[in-house]
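Data block below; observations after.
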Amino acid sequence: MMSDNITFNRYTAIDHLSHFSGLGIAMLYLVAAGATLWEVIARYVFHAPTQWAFEVVMVLCAATWMLSSGYITLKNRHIGITVIHGMVSERARWWLDLFALCTGIVALFLLLSDASIRAYTALSHVERTGSAFNSPMPMLLKLLLALGGFLYLAQLIVNLYRHVRSTFAQRSTQLLGLLVAFYFINGVLAFISGPDSWFVHLSELTSQLANSLDPRQWIDIRSYGLGSVSLIMVLVLVALMMTGMPLGIVTLVVSVLMAVAFFGPRGLYLVSSNAAGLLDHYTLVAIPFFVLMASILEKAGIAEDLFDAMSVFAGNLRGGVAVQTVVVAVILAAMSGVMGGEIVMLGLVALPQMLRLGYDRKMTIGLICAAGALATLIPPSIIMIVYGLSAEVGIGDLFMAGAIPGIMLAIFYALYILIRAHLNPSLAPTAAEVEAQTGQSRQLSRHRLHAVLLSIALIGCVMGSIYAGIASITEAAAIGAVGAMVVAAVRHQFHWPLLQITLVGTMATVGTIIWLVLGAVSFVGIFNLVGGAEFMRSLFMNLGLPPLGIILVMMLILVVLGTFMEWIAIVLITVPVFAPVVTSLAPELGLTPDEAKIWFGILFVLNIQIYFLSPPFGPACFWLKSVAPKDVSLQEIFVSVLPFIGLQAIGLVLVLLIPDIALWLPHWLSS
């Protein structure tokens with residue numbers, strides 16, 4: 001749909017701006033990590049906490065999130081549900097892409113028509129935080145939202161010009177770009193020139209035109225019941241998702257439509273204020289730091305080192321290499337929090353070796369998919385961070401609650417392998433048989449062994465500082481990112497090309513997530529404001545089911561949504577509705593409200609983990625297929641994961657029936 005295949009020599013001026021701004025702002029994550037690390041050092045070593053670190057880091061990360069919009073749009077990095085998109089004819093796909101581009105342009109234009117005014121107002125007032133540092137952070141965040149939106153909109157218009165084929169359509173796209181540019185330039189000039197200029201009068205004319213198009217003149221949506229409105233919102237949301245357009249645009253356009261339908265043109269203020277409010281969530285800063293840490297460790301070859309190190313301890317245990325794969329997967333999960341990267345690493349490192357050593361194909365393939373999916377549950381988990389923000393619950397508590405269920409599943413996988421290998425020794429050879437078969441023994445050089453030990457120590461420091469309350473999630477993530485660079489240096493793999501690749505990859509990955517979250521936050525804000533969330537809560541409460549029955553209904557809804565939605569869309573659409581219901585059920589469940597949300601969060605993540613493996617759209621299966629040998633078919637992968645889905649379901653039921661499996665560690669650490 002976008003321009004990922006456009007060569008550099010065919011770039012337009014906007015393409016160049018998107019490309020180089022993306023590469024440039026990626027370096028800001030390095031500065032932000034350094035500033036966060038300095039705050040920790042200043043607090044604990046010099047006993048003099050900084051007054052500036054929090055606000056500076058927020059502005060640096062917000063700049064990276066917003067200004068990455070052009071790069072990820074140019075490179076087609078936005079997340080979309082492409083199931084139907086990939087099944088239709090090429091001609092139908094072209095029309096779907098055209099619809100997505102036009103919808104995105106309209107949604108962003110409407111967002112910016114208000115967000116730009118808020119940015120100009122913030123600039124004129126020089127809005128400040130009122131903290132000890134008293135930086136102009138609120139002003140800068142609103143300006144960055146507007147700048148990022150402008151870059152996103154400009155790149156979409158360029159992509160639309162490239163997408164259409166006829167001369168008339170291309171000329172029309174150029175005219176559209178000029179009109180959009182004129183509209184926003186006139187807004188800037190009206191702000192600069194004062195109240196009596198003709199720029200202001202022109203802006204007033206456009207405002208009058210917008211008011212004349214107020215949809216409330218033709219339809220009174222408030223006259224419909226909350227049930228009908230909620231159903232309309234959900235149906236429009238799902239219908240747009242099925243076109244394959246970016247999920248951030250889908251949620252943004254639905255929130256814009258609902259805001260205008262309920263409140264008229266002034267309702268756009270609600271959308272832009274919700275979007276701007278997202279940018280000062282300090283916990284979000286942990287996401288790029290964790291992604292950067294995982295990327296550096298992956299590119300430095302730590303995954304292969306871990307695998308080789310574990311083989312030393314496998315001994316003559318039948319199935320030992322498979323068990324060590326589970327152990328490596330747990331360690332990698334604690335390093336990354338990103339499932340896709342872990343499955344790719346295991347697929348590249350462990351799968352070929354286990355197949356070469358004579359391990360059963362189906363058992364090996366299923367194990368790698370299931371073990372790689374542990375990154376969703378074992379902290380630090382990106383899914384838990386997004387869930388915590390949506391459910392308004394402590395992310396540190398979620399991390400603690402996920403540790404034991406994650407280890408429990410890992411033990412299930414290892415026991416399953418050992419039992420099957422005991423019953424049928426031909427499925428898994430011992431280490432001695434492997435060495436006799438290959439004539440090789442795997443050994444680590446000293447610097448590789450040191451890198452492994454440092455990696456494990458790094459995980460202990462990062463997670464230990466969170467569990468002990470020494471550092472916040474964000475500070476611990478920054479320590480992990482800087483520590484990963486040290487580990488890479490010990491392994492003699494730390495150099496500028498590695499750092500550049502990891503920073504740009506982090507910028508693109510996190511920028512994609514943030515723009516999706518931004519649209520979803522706007523949608524949820526409007527949905528709650530019009531009473532949709534309250535209606536959904538009453539709907540669940542009136543089912544006449546016991547508390548566990550209501551929880552099971554929620555789990556069933558997640559299973560259904562998991563057949564066609566990305567996990568992040570599921571989180572941001574369902575959690576704001578489900579979490580208040582679970583909170584209200586807490587007394588009947590014998591839990592406090594916070595305990596109920598934490599427990600449900602682990603159930604939620606376990607459910608998402610099952611979705612990751614489940615045919616026909618299990619992402620884990622597709623990620624493994626992308627790096628597996630050519631003779632490994634997708635159908636074979638789907639069959640191979642079925643026993644492990646059963647083990648995951650057992651884990652889900654155990655946590656559902658025994659909440660203390662998730663809540664014991666947070667209770668113990670807090671006491």
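Naming scheme: A, B, ... for chains in displayed order of the structure tokens; residues 1 onward per chain; ligands 1 onward as shown.
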For A:Pro580: contacts at 10 Å, only C-alpha atoms, fewer than 3 positions along chain excluded, given as a PyMOL selection string:
chain A and resi 391-392+533-534+536-537+575-577+583-586+593+596-597
Excluding A:Ile407 and its own-chain neighbours fewer than 4 positions away, which residues fall within 8 Å of it when counting only C-alpha atoms? Please give them as a list in words.
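Result of the neighbour search: Val330, Ile378, Ala403 and Ile411 of chain A.
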Might you pull out every residue within 12 Å of stretch 215-226 of chain A, with only C-alpha atoms counted and same-chain residues fewer than 4 positions away left off, and present them as a PyMOL selection string?
chain A and resi 210-211+230-233+257-267+527-539
Store the residues picked out above in a file with C-alpha atoms, as a PDB file, in the first residue's frame.
ATOM      1  CA  ALA A 210     -16.985  23.432   8.950  1.00  0.00           C
ATOM      2  CA  ASN A 211     -19.909  24.432  11.174  1.00  0.00           C
ATOM      3  CA  SER A 230     -21.848   1.024  20.913  1.00  0.00           C
ATOM      4  CA  LEU A 231     -22.819  -1.525  18.282  1.00  0.00           C
ATOM      5  CA  ILE A 232     -22.382   1.056  15.491  1.00  0.00           C
ATOM      6  CA  MET A 233     -18.925   2.022  16.783  1.00  0.00           C
ATOM      7  CA  LEU A 257     -16.403  10.432  13.405  1.00  0.00           C
ATOM      8  CA  MET A 258     -17.980   9.771  16.798  1.00  0.00           C
ATOM      9  CA  ALA A 259     -16.642  13.014  18.287  1.00  0.00           C
ATOM     10  CA  VAL A 260     -18.066  15.077  15.424  1.00  0.00           C
ATOM     11  CA  ALA A 261     -21.356  13.141  15.414  1.00  0.00           C
ATOM     12  CA  PHE A 262     -21.908  13.733  19.141  1.00  0.00           C
ATOM     13  CA  PHE A 263     -20.332  17.138  19.711  1.00  0.00           C
ATOM     14  CA  GLY A 264     -19.992  18.752  16.289  1.00  0.00           C
ATOM     15  CA  PRO A 265     -16.689  20.200  14.967  1.00  0.00           C
ATOM     16  CA  ARG A 266     -15.724  21.237  18.497  1.00  0.00           C
ATOM     17  CA  GLY A 267     -15.616  17.554  19.402  1.00  0.00           C
ATOM     18  CA  PHE A 527     -16.231   5.686  23.639  1.00  0.00           C
ATOM     19  CA  ASN A 528     -16.152   6.239  27.400  1.00  0.00           C
ATOM     20  CA  LEU A 529     -17.370   9.811  27.114  1.00  0.00           C
ATOM     21  CA  VAL A 530     -20.513   8.879  25.187  1.00  0.00           C
ATOM     22  CA  GLY A 531     -21.276   6.155  27.721  1.00  0.00           C
ATOM     23  CA  GLY A 532     -20.206   3.114  25.728  1.00  0.00           C
ATOM     24  CA  ALA A 533     -18.017   1.664  28.470  1.00  0.00           C
ATOM     25  CA  GLU A 534     -20.783   2.058  31.060  1.00  0.00           C
ATOM     26  CA  PHE A 535     -23.206   0.310  28.738  1.00  0.00           C
ATOM     27  CA  MET A 536     -20.786  -2.581  28.215  1.00  0.00           C
ATOM     28  CA  ARG A 537     -20.270  -2.899  31.968  1.00  0.00           C
ATOM     29  CA  SER A 538     -24.000  -3.073  32.601  1.00  0.00           C
ATOM     30  CA  LEU A 539     -24.328  -5.579  29.766  1.00  0.00           C
TER      31      LEU A 539
END
Sort by chain and increasing residue number a table of all residues of stretch 59-109 of chain A within 6 Å of stretch 244-247 of chain A, each with its closest pair of atoms and their distance in Å to one decimal, counting only C-alpha atoms, and write it as a tab-separated table.
residue	atom	partner	partner_atom	distance
A:His78	CA	A:Pro246	CA	5.5
A:Ile79	CA	A:Pro246	CA	5.3
A:Gly80	CA	A:Pro246	CA	4.5
A:Ile81	CA	A:Gly244	CA	4.9
A:Thr82	CA	A:Gly244	CA	4.7
A:His85	CA	A:Gly244	CA	5.6
A:Ala100	CA	A:Met245	CA	5.0
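Each of A:Leu268, A:Leu634, A:Val393, A:Ala181 was checked against A:Ser522 using only C-alpha atoms; the smallest atom-to-atom distance is that of A:Leu268.
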Going by DSSP on the backbone, which residues of stretch 564-626 of chain A come out as alpha helix (DSSP H)? List them as a PDB file with N, CA, C and O atoms, in the first residue's frame.
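This is the output file out_27.pdb:
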ATOM      1  N   TRP A 567      -2.761  -8.259  18.462  1.00  0.00           N
ATOM      2  CA  TRP A 567      -2.868  -8.244  19.914  1.00  0.00           C
ATOM      3  C   TRP A 567      -3.045  -6.839  20.465  1.00  0.00           C
ATOM      4  O   TRP A 567      -3.814  -6.606  21.405  1.00  0.00           O
ATOM      5  N   ILE A 568      -2.352  -5.880  19.877  1.00  0.00           N
ATOM      6  CA  ILE A 568      -2.404  -4.529  20.437  1.00  0.00           C
ATOM      7  C   ILE A 568      -3.779  -3.912  20.230  1.00  0.00           C
ATOM      8  O   ILE A 568      -4.275  -3.150  21.062  1.00  0.00           O
ATOM      9  N   ALA A 569      -4.432  -4.265  19.116  1.00  0.00           N
ATOM     10  CA  ALA A 569      -5.806  -3.790  18.901  1.00  0.00           C
ATOM     11  C   ALA A 569      -6.743  -4.421  19.925  1.00  0.00           C
ATOM     12  O   ALA A 569      -7.639  -3.755  20.461  1.00  0.00           O
ATOM     13  N   ILE A 570      -6.541  -5.713  20.212  1.00  0.00           N
ATOM     14  CA  ILE A 570      -7.374  -6.396  21.202  1.00  0.00           C
ATOM     15  C   ILE A 570      -7.213  -5.747  22.573  1.00  0.00           C
ATOM     16  O   ILE A 570      -8.188  -5.490  23.287  1.00  0.00           O
ATOM     17  N   VAL A 571      -5.966  -5.458  22.946  1.00  0.00           N
ATOM     18  CA  VAL A 571      -5.704  -4.845  24.247  1.00  0.00           C
ATOM     19  C   VAL A 571      -6.420  -3.505  24.364  1.00  0.00           C
ATOM     20  O   VAL A 571      -7.146  -3.233  25.333  1.00  0.00           O
ATOM     21  N   LEU A 572      -6.221  -2.659  23.372  1.00  0.00           N
ATOM     22  CA  LEU A 572      -6.698  -1.285  23.488  1.00  0.00           C
ATOM     23  C   LEU A 572      -8.203  -1.147  23.288  1.00  0.00           C
ATOM     24  O   LEU A 572      -8.789  -0.144  23.686  1.00  0.00           O
ATOM     25  N   ILE A 573      -8.833  -2.141  22.692  1.00  0.00           N
ATOM     26  CA  ILE A 573     -10.277  -2.080  22.504  1.00  0.00           C
ATOM     27  C   ILE A 573     -11.015  -2.739  23.669  1.00  0.00           C
ATOM     28  O   ILE A 573     -12.040  -2.240  24.131  1.00  0.00           O
ATOM     29  N   THR A 574     -10.495  -3.864  24.165  1.00  0.00           N
ATOM     30  CA  THR A 574     -11.235  -4.628  25.176  1.00  0.00           C
ATOM     31  C   THR A 574     -10.888  -4.262  26.614  1.00  0.00           C
ATOM     32  O   THR A 574     -11.780  -4.238  27.469  1.00  0.00           O
ATOM     33  N   VAL A 575      -9.625  -3.982  26.895  1.00  0.00           N
ATOM     34  CA  VAL A 575      -9.213  -3.787  28.286  1.00  0.00           C
ATOM     35  C   VAL A 575      -9.928  -2.613  28.956  1.00  0.00           C
ATOM     36  O   VAL A 575     -10.381  -2.732  30.103  1.00  0.00           O
ATOM     37  N   PRO A 576     -10.061  -1.441  28.297  1.00  0.00           N
ATOM     38  CA  PRO A 576     -10.787  -0.347  28.964  1.00  0.00           C
ATOM     39  C   PRO A 576     -12.234  -0.696  29.299  1.00  0.00           C
ATOM     40  O   PRO A 576     -12.825  -0.092  30.186  1.00  0.00           O
ATOM     41  N   VAL A 577     -12.818  -1.668  28.594  1.00  0.00           N
ATOM     42  CA  VAL A 577     -14.185  -2.117  28.884  1.00  0.00           C
ATOM     43  C   VAL A 577     -14.178  -3.215  29.940  1.00  0.00           C
ATOM     44  O   VAL A 577     -14.979  -3.207  30.886  1.00  0.00           O
ATOM     45  N   PHE A 578     -13.258  -4.175  29.799  1.00  0.00           N
ATOM     46  CA  PHE A 578     -13.231  -5.330  30.698  1.00  0.00           C
ATOM     47  C   PHE A 578     -12.731  -4.978  32.103  1.00  0.00           C
ATOM     48  O   PHE A 578     -13.250  -5.495  33.093  1.00  0.00           O
ATOM     49  N   ALA A 579     -11.693  -4.135  32.181  1.00  0.00           N
ATOM     50  CA  ALA A 579     -11.051  -3.871  33.477  1.00  0.00           C
ATOM     51  C   ALA A 579     -12.026  -3.318  34.519  1.00  0.00           C
ATOM     52  O   ALA A 579     -12.018  -3.777  35.678  1.00  0.00           O
ATOM     53  N   PRO A 580     -12.891  -2.332  34.192  1.00  0.00           N
ATOM     54  CA  PRO A 580     -13.845  -1.863  35.213  1.00  0.00           C
ATOM     55  C   PRO A 580     -14.818  -2.946  35.668  1.00  0.00           C
ATOM     56  O   PRO A 580     -15.213  -2.971  36.840  1.00  0.00           O
ATOM     57  N   VAL A 581     -15.205  -3.829  34.748  1.00  0.00           N
ATOM     58  CA  VAL A 581     -16.109  -4.925  35.124  1.00  0.00           C
ATOM     59  C   VAL A 581     -15.412  -5.852  36.117  1.00  0.00           C
ATOM     60  O   VAL A 581     -15.995  -6.248  37.138  1.00  0.00           O
ATOM     61  N   VAL A 582     -14.161  -6.202  35.814  1.00  0.00           N
ATOM     62  CA  VAL A 582     -13.399  -7.080  36.713  1.00  0.00           C
ATOM     63  C   VAL A 582     -13.221  -6.416  38.069  1.00  0.00           C
ATOM     64  O   VAL A 582     -13.324  -7.075  39.114  1.00  0.00           O
ATOM     65  N   THR A 583     -12.982  -5.104  38.068  1.00  0.00           N
ATOM     66  CA  THR A 583     -12.830  -4.373  39.335  1.00  0.00           C
ATOM     67  C   THR A 583     -14.100  -4.463  40.171  1.00  0.00           C
ATOM     68  O   THR A 583     -14.048  -4.672  41.390  1.00  0.00           O
ATOM     69  N   SER A 584     -15.252  -4.306  39.520  1.00  0.00           N
ATOM     70  CA  SER A 584     -16.524  -4.377  40.255  1.00  0.00           C
ATOM     71  C   SER A 584     -16.812  -5.787  40.769  1.00  0.00           C
ATOM     72  O   SER A 584     -17.557  -5.964  41.733  1.00  0.00           O
ATOM     73  N   LEU A 585     -16.229  -6.803  40.131  1.00  0.00           N
ATOM     74  CA  LEU A 585     -16.429  -8.185  40.571  1.00  0.00           C
ATOM     75  C   LEU A 585     -15.458  -8.593  41.676  1.00  0.00           C
ATOM     76  O   LEU A 585     -15.584  -9.682  42.241  1.00  0.00           O
ATOM     77  N   ALA A 586     -14.475  -7.733  41.982  1.00  0.00           N
ATOM     78  CA  ALA A 586     -13.399  -8.097  42.907  1.00  0.00           C
ATOM     79  C   ALA A 586     -13.905  -8.625  44.251  1.00  0.00           C
ATOM     80  O   ALA A 586     -13.418  -9.661  44.730  1.00  0.00           O
ATOM     81  N   PRO A 587     -14.871  -7.953  44.920  1.00  0.00           N
ATOM     82  CA  PRO A 587     -15.315  -8.485  46.224  1.00  0.00           C
ATOM     83  C   PRO A 587     -15.869  -9.900  46.130  1.00  0.00           C
ATOM     84  O   PRO A 587     -15.619 -10.724  47.021  1.00  0.00           O
ATOM     85  N   GLU A 588     -16.625 -10.192  45.066  1.00  0.00           N
ATOM     86  CA  GLU A 588     -17.188 -11.535  44.916  1.00  0.00           C
ATOM     87  C   GLU A 588     -16.110 -12.567  44.604  1.00  0.00           C
ATOM     88  O   GLU A 588     -16.291 -13.758  44.861  1.00  0.00           O
ATOM     89  N   LEU A 589     -15.000 -12.111  44.043  1.00  0.00           N
ATOM     90  CA  LEU A 589     -13.886 -13.011  43.744  1.00  0.00           C
ATOM     91  C   LEU A 589     -12.953 -13.169  44.935  1.00  0.00           C
ATOM     92  O   LEU A 589     -11.998 -13.958  44.875  1.00  0.00           O
ATOM     93  N   PRO A 593      -9.668  -4.587  44.365  1.00  0.00           N
ATOM     94  CA  PRO A 593      -9.775  -4.137  42.967  1.00  0.00           C
ATOM     95  C   PRO A 593      -8.460  -4.228  42.203  1.00  0.00           C
ATOM     96  O   PRO A 593      -8.439  -4.673  41.045  1.00  0.00           O
ATOM     97  N   ASP A 594      -7.343  -3.808  42.829  1.00  0.00           N
ATOM     98  CA  ASP A 594      -6.054  -3.884  42.137  1.00  0.00           C
ATOM     99  C   ASP A 594      -5.636  -5.331  41.892  1.00  0.00           C
ATOM    100  O   ASP A 594      -5.099  -5.664  40.823  1.00  0.00           O
ATOM    101  N   GLU A 595      -5.873  -6.200  42.892  1.00  0.00           N
ATOM    102  CA  GLU A 595      -5.546  -7.617  42.705  1.00  0.00           C
ATOM    103  C   GLU A 595      -6.352  -8.209  41.559  1.00  0.00           C
ATOM    104  O   GLU A 595      -5.821  -8.996  40.761  1.00  0.00           O
ATOM    105  N   ALA A 596      -7.623  -7.812  41.457  1.00  0.00           N
ATOM    106  CA  ALA A 596      -8.468  -8.346  40.389  1.00  0.00           C
ATOM    107  C   ALA A 596      -7.949  -7.933  39.023  1.00  0.00           C
ATOM    108  O   ALA A 596      -7.911  -8.743  38.087  1.00  0.00           O
ATOM    109  N   LYS A 597      -7.519  -6.676  38.891  1.00  0.00           N
ATOM    110  CA  LYS A 597      -7.006  -6.214  37.596  1.00  0.00           C
ATOM    111  C   LYS A 597      -5.674  -6.877  37.253  1.00  0.00           C
ATOM    112  O   LYS A 597      -5.409  -7.178  36.083  1.00  0.00           O
ATOM    113  N   ILE A 598      -4.845  -7.099  38.270  1.00  0.00           N
ATOM    114  CA  ILE A 598      -3.560  -7.780  38.019  1.00  0.00           C
ATOM    115  C   ILE A 598      -3.810  -9.231  37.603  1.00  0.00           C
ATOM    116  O   ILE A 598      -3.232  -9.722  36.627  1.00  0.00           O
ATOM    117  N   TRP A 599      -4.654  -9.909  38.350  1.00  0.00           N
ATOM    118  CA  TRP A 599      -4.979 -11.312  38.032  1.00  0.00           C
ATOM    119  C   TRP A 599      -5.587 -11.420  36.636  1.00  0.00           C
ATOM    120  O   TRP A 599      -5.194 -12.281  35.850  1.00  0.00           O
ATOM    121  N   PHE A 600      -6.530 -10.544  36.337  1.00  0.00           N
ATOM    122  CA  PHE A 600      -7.139 -10.575  35.004  1.00  0.00           C
ATOM    123  C   PHE A 600      -6.097 -10.245  33.936  1.00  0.00           C
ATOM    124  O   PHE A 600      -6.160 -10.781  32.819  1.00  0.00           O
ATOM    125  N   GLY A 601      -5.149  -9.378  34.265  1.00  0.00           N
ATOM    126  CA  GLY A 601      -4.089  -9.064  33.306  1.00  0.00           C
ATOM    127  C   GLY A 601      -3.288 -10.293  32.921  1.00  0.00           C
ATOM    128  O   GLY A 601      -2.950 -10.484  31.747  1.00  0.00           O
ATOM    129  N   ILE A 602      -2.987 -11.144  33.894  1.00  0.00           N
ATOM    130  CA  ILE A 602      -2.239 -12.375  33.597  1.00  0.00           C
ATOM    131  C   ILE A 602      -3.107 -13.329  32.781  1.00  0.00           C
ATOM    132  O   ILE A 602      -2.627 -13.968  31.830  1.00  0.00           O
ATOM    133  N   LEU A 603      -4.401 -13.433  33.128  1.00  0.00           N
ATOM    134  CA  LEU A 603      -5.310 -14.246  32.311  1.00  0.00           C
ATOM    135  C   LEU A 603      -5.359 -13.710  30.883  1.00  0.00           C
ATOM    136  O   LEU A 603      -5.369 -14.481  29.914  1.00  0.00           O
ATOM    137  N   PHE A 604      -5.409 -12.408  30.771  1.00  0.00           N
ATOM    138  CA  PHE A 604      -5.463 -11.766  29.457  1.00  0.00           C
ATOM    139  C   PHE A 604      -4.220 -12.121  28.631  1.00  0.00           C
ATOM    140  O   PHE A 604      -4.316 -12.519  27.464  1.00  0.00           O
ATOM    141  N   VAL A 605      -3.050 -11.998  29.258  1.00  0.00           N
ATOM    142  CA  VAL A 605      -1.801 -12.278  28.543  1.00  0.00           C
ATOM    143  C   VAL A 605      -1.706 -13.758  28.191  1.00  0.00           C
ATOM    144  O   VAL A 605      -1.228 -14.121  27.100  1.00  0.00           O
ATOM    145  N   LEU A 606      -2.150 -14.640  29.087  1.00  0.00           N
ATOM    146  CA  LEU A 606      -2.172 -16.070  28.778  1.00  0.00           C
ATOM    147  C   LEU A 606      -3.074 -16.343  27.576  1.00  0.00           C
ATOM    148  O   LEU A 606      -2.744 -17.160  26.703  1.00  0.00           O
ATOM    149  N   ASN A 607      -4.199 -15.652  27.517  1.00  0.00           N
ATOM    150  CA  ASN A 607      -5.110 -15.811  26.392  1.00  0.00           C
ATOM    151  C   ASN A 607      -4.473 -15.320  25.100  1.00  0.00           C
ATOM    152  O   ASN A 607      -4.565 -15.966  24.055  1.00  0.00           O
ATOM    153  N   ILE A 608      -3.799 -14.179  25.183  1.00  0.00           N
ATOM    154  CA  ILE A 608      -3.103 -13.639  24.006  1.00  0.00           C
ATOM    155  C   ILE A 608      -2.004 -14.604  23.556  1.00  0.00           C
ATOM    156  O   ILE A 608      -1.765 -14.795  22.354  1.00  0.00           O
ATOM    157  N   GLN A 609      -1.339 -15.244  24.517  1.00  0.00           N
ATOM    158  CA  GLN A 609      -0.289 -16.199  24.185  1.00  0.00           C
ATOM    159  C   GLN A 609      -0.855 -17.386  23.409  1.00  0.00           C
ATOM    160  O   GLN A 609      -0.239 -17.858  22.447  1.00  0.00           O
ATOM    161  N   ILE A 610      -2.032 -17.855  23.810  1.00  0.00           N
ATOM    162  CA  ILE A 610      -2.688 -18.933  23.063  1.00  0.00           C
ATOM    163  C   ILE A 610      -3.018 -18.470  21.654  1.00  0.00           C
ATOM    164  O   ILE A 610      -2.825 -19.196  20.667  1.00  0.00           O
ATOM    165  N   TYR A 611      -3.507 -17.235  21.549  1.00  0.00           N
ATOM    166  CA  TYR A 611      -3.825 -16.670  20.225  1.00  0.00           C
ATOM    167  C   TYR A 611      -2.595 -16.633  19.335  1.00  0.00           C
ATOM    168  O   TYR A 611      -2.665 -16.883  18.130  1.00  0.00           O
ATOM    169  N   PHE A 612      -1.425 -16.336  19.917  1.00  0.00           N
ATOM    170  CA  PHE A 612      -0.205 -16.248  19.121  1.00  0.00           C
ATOM    171  C   PHE A 612       0.125 -17.571  18.427  1.00  0.00           C
ATOM    172  O   PHE A 612       0.754 -17.580  17.373  1.00  0.00           O
ATOM    173  N   LEU A 613      -0.292 -18.694  19.033  1.00  0.00           N
ATOM    174  CA  LEU A 613       0.026 -19.995  18.457  1.00  0.00           C
ATOM    175  C   LEU A 613      -1.114 -20.599  17.638  1.00  0.00           C
ATOM    176  O   LEU A 613      -0.881 -21.509  16.846  1.00  0.00           O
ATOM    177  N   PRO A 619       0.341 -15.633  14.817  1.00  0.00           N
ATOM    178  CA  PRO A 619       1.543 -14.920  14.355  1.00  0.00           C
ATOM    179  C   PRO A 619       2.829 -15.684  14.612  1.00  0.00           C
ATOM    180  O   PRO A 619       3.764 -15.616  13.810  1.00  0.00           O
ATOM    181  N   ALA A 620       2.907 -16.418  15.740  1.00  0.00           N
ATOM    182  CA  ALA A 620       4.131 -17.155  16.050  1.00  0.00           C
ATOM    183  C   ALA A 620       4.457 -18.158  14.947  1.00  0.00           C
ATOM    184  O   ALA A 620       5.630 -18.367  14.595  1.00  0.00           O
ATOM    185  N   CYS A 621       3.431 -18.791  14.401  1.00  0.00           N
ATOM    186  CA  CYS A 621       3.642 -19.778  13.334  1.00  0.00           C
ATOM    187  C   CYS A 621       4.198 -19.111  12.080  1.00  0.00           C
ATOM    188  O   CYS A 621       5.094 -19.653  11.412  1.00  0.00           O
ATOM    189  N   PHE A 622       3.704 -17.937  11.764  1.00  0.00           N
ATOM    190  CA  PHE A 622       4.180 -17.234  10.573  1.00  0.00           C
ATOM    191  C   PHE A 622       5.612 -16.716  10.776  1.00  0.00           C
ATOM    192  O   PHE A 622       6.422 -16.727   9.845  1.00  0.00           O
ATOM    193  N   TRP A 623       5.915 -16.246  12.018  1.00  0.00           N
ATOM    194  CA  TRP A 623       7.282 -15.786  12.278  1.00  0.00           C
ATOM    195  C   TRP A 623       8.271 -16.944  12.137  1.00  0.00           C
ATOM    196  O   TRP A 623       9.357 -16.767  11.571  1.00  0.00           O
ATOM    197  N   LEU A 624       7.915 -18.113  12.666  1.00  0.00           N
ATOM    198  CA  LEU A 624       8.824 -19.248  12.546  1.00  0.00           C
ATOM    199  C   LEU A 624       8.969 -19.673  11.091  1.00  0.00           C
ATOM    200  O   LEU A 624      10.080 -19.989  10.632  1.00  0.00           O
ATOM    201  N   LYS A 625       7.867 -19.662  10.358  1.00  0.00           N
ATOM    202  CA  LYS A 625       7.918 -20.042   8.946  1.00  0.00           C
ATOM    203  C   LYS A 625       8.864 -19.138   8.166  1.00  0.00           C
ATOM    204  O   LYS A 625       9.547 -19.581   7.231  1.00  0.00           O
ATOM    205  N   SER A 626       8.958 -17.860   8.556  1.00  0.00           N
ATOM    206  CA  SER A 626       9.802 -16.911   7.822  1.00  0.00           C
ATOM    207  C   SER A 626      11.289 -17.249   7.901  1.00  0.00           C
ATOM    208  O   SER A 626      12.068 -16.818   7.046  1.00  0.00           O
TER     209      SER A 626
END
Would you kindly return, as a list in words, each protein, DNA or RNA residue with an atom no farther than 9 Å from any atom of A:Ile249, considering only C-alpha atoms and excluding same-chain residues fewer than 6 positions away?
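Those residues are Ala100, Thr103, Gly104, Ala107, Leu108, Trp515, Leu516 and Gly519 of chain A.
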Would you mind exporting N, CA and C atoms of the selected residues as a compact mmCIF listing (two decimals), in the first residue's frame?
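See out-v3.txt below for the written result:
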# COMPACT_ATOMS: atom_id res chain seq x y z
N ALA A 100 -7.86 3.21 2.05
CA ALA A 100 -7.08 3.38 3.28
C ALA A 100 -6.31 4.70 3.25
N THR A 103 -8.82 7.63 3.59
CA THR A 103 -9.34 7.68 4.96
C THR A 103 -8.30 8.23 5.92
N GLY A 104 -7.06 7.79 5.76
CA GLY A 104 -5.98 8.27 6.61
C GLY A 104 -5.76 9.77 6.45
N ALA A 107 -8.68 11.58 8.23
CA ALA A 107 -8.58 11.47 9.69
C ALA A 107 -7.49 12.38 10.24
N LEU A 108 -6.33 12.37 9.61
CA LEU A 108 -5.22 13.20 10.09
C LEU A 108 -5.50 14.68 9.89
N TRP A 515 1.91 5.23 17.49
CA TRP A 515 0.86 5.83 16.66
C TRP A 515 -0.42 4.98 16.70
N LEU A 516 -0.25 3.67 16.88
CA LEU A 516 -1.44 2.83 17.04
C LEU A 516 -2.10 3.10 18.38
N GLY A 519 -4.10 6.43 18.36
CA GLY A 519 -5.44 6.32 17.80
C GLY A 519 -6.39 5.59 18.72
Find the spatial neighbours of A:Ala628, counting only C-alpha atoms, within a cut-off of 9 Å - ignore same-chain residues fewer than 4 positions away - and output them as a PyMOL selection string.
chain A and resi 344+347-348+351-352+623-624+632-633
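By chain and then residue number, the residues within 10 Å of A:Arg93 are Met1, Ile84, His85, Gly86, Met87, Val88, Ser89, Asp97, Leu98, Phe99, Thr243 and Gly244 of chain A, counting only C-alpha atoms and disregarding those fewer than 4 positions away in sequence.
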